[in-house]
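As stored in work-v4.txt (compact mmCIF, C-alpha atoms):
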```txt
# COMPACT_ATOMS: atom_id res chain seq x y z
CA MET A 63 48.71 48.81 -28.89
CA ALA A 64 51.30 46.71 -30.73
CA GLU A 65 52.14 49.74 -32.88
CA LEU A 66 53.25 51.54 -29.72
CA GLY A 67 55.73 48.83 -28.75
CA ALA A 68 56.19 46.54 -25.79
CA GLY A 69 54.58 48.83 -23.22
CA PRO A 70 53.13 49.37 -20.77
CA HIS A 71 51.16 52.17 -22.35
CA ARG A 72 48.76 54.73 -20.98
CA SER A 73 45.14 54.32 -22.01
CA GLY A 74 45.26 57.76 -23.65
CA GLU A 75 48.18 56.72 -25.85
CA ILE A 76 46.31 53.64 -27.06
CA ALA A 77 43.12 55.60 -27.70
CA GLY A 78 45.10 58.25 -29.59
CA GLU A 79 46.72 55.61 -31.80
CA LEU A 80 43.25 54.34 -32.71
CA GLY A 81 41.68 57.79 -33.02
CA ARG A 82 39.06 57.00 -30.36
CA GLY A 83 38.16 58.19 -26.92
CA VAL A 84 39.51 56.50 -23.80
CA THR A 85 36.04 55.73 -22.45
CA SER A 86 34.99 54.03 -25.70
CA LEU A 87 37.88 51.57 -25.34
CA ALA A 88 37.29 50.68 -21.69
CA PRO A 89 34.96 47.72 -22.45
CA VAL A 90 37.44 46.28 -24.97
CA ARG A 91 40.30 46.67 -22.48
CA ALA A 92 38.25 44.92 -19.78
CA LYS A 93 37.52 42.00 -22.12
CA LEU A 94 41.20 41.65 -23.09
CA ILE A 95 42.17 41.66 -19.41
CA ALA A 96 39.53 38.98 -18.69
CA LYS A 97 40.93 36.83 -21.53
CA GLY A 98 44.45 37.21 -20.15
CA MET A 99 45.87 38.92 -23.24
CA VAL A 100 46.76 42.17 -21.47
CA TRP A 101 47.09 43.31 -17.88
CA SER A 102 47.20 46.54 -15.94
CA PRO A 103 50.53 46.98 -14.12
CA ALA A 104 49.31 50.34 -12.74
CA HIS A 105 46.14 52.41 -12.86
CA GLY A 106 45.58 53.55 -16.45
CA ASP A 107 48.41 51.43 -17.87
CA THR A 108 48.01 48.44 -20.17
CA ALA A 109 50.66 45.90 -21.16
CA PHE A 110 50.71 42.60 -23.02
CA THR A 111 50.94 39.54 -20.78
CA VAL A 112 53.30 37.73 -23.18
CA PRO A 113 56.79 39.13 -23.80
CA ARG A 114 57.35 40.34 -27.38
CA PHE A 115 53.67 39.92 -28.26
CA ASP A 116 53.75 43.38 -29.84
CA GLY A 117 56.22 42.12 -32.46
CA PHE A 118 54.14 39.02 -33.12
CA MET A 119 51.04 41.15 -33.73
CA ARG A 120 52.92 43.41 -36.12
CA ARG A 121 54.18 40.38 -38.06
CA ILE A 122 50.80 38.65 -38.45
CA MET A 123 48.81 41.87 -39.05
CA PRO A 124 51.07 44.16 -41.10
CA GLY A 125 49.83 47.48 -42.39
CA GLY A 126 46.65 49.25 -41.36
CA ARG A 127 43.96 47.11 -42.99
CA TRP A 128 42.90 45.73 -39.59
CA ARG A 129 41.79 49.23 -38.58
CA THR A 130 38.86 49.24 -40.99
```
Let me see the structure of the file written as structure tokens.
Amino acid sequence: MAELGAGPHRSGEIAGELGRGVTSLAPVRAKLIAKGMVWSPAHGDTAFTVPRFDGFMRRIMPGGRWRT
């Protein structure tokens, strides 16, 4: 999600970035919402709860090694 920018982003955009289906990511999204890391400003949208968190994630996890 950080690769897409600040957001909010549609669930389909996030799934497409990861090369996965939307339904396969629903449990992960629910857990991140429960932990307070992301929130849903509208149905099907996801955004970070902390401003500029996308940039922080890109700085601490550069490249694509985290995808494997």
Problem - Test item: residues at most 8 Å from Leu66 of chain A, all atoms listed in the file, excluding those fewer than 3 positions along its chain, as a list in words - result: Met63, Gly69, His71, Ile76 and Glu79 of chain A
Practice task
Find the residues near Asp107 of chain A: any atom within 10 Å, counting all atoms listed in the file, skip ones fewer than 3 places away on the same chain, and give them as number ranges by chain.
Solution key: A: 69-76, 101-104
Practice task
Do a neighbour search on Leu94 of chain A at 12 Å with only C-alpha atoms, toss out local chain neighbours closer than 4 positions, and write the hits as a PyMOL selection string.
Solution key: chain A and resi 63+87-90+98-102+108-111
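Atom pair atom CA of Arg121 of chain A / atom CA of Ala68 of chain A: separated by 13.9 Å.
For the atom pair formed by atom CA of Gly106 of chain A and atom CA of Ser86 of chain A, the distance is 14.1 Å, given to one decimal.
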Fill in the blank from the handout: Pairwise distance, atom CA of Gly125 of chain A with atom CA of Leu80 of chain A, equals 13.6 Å
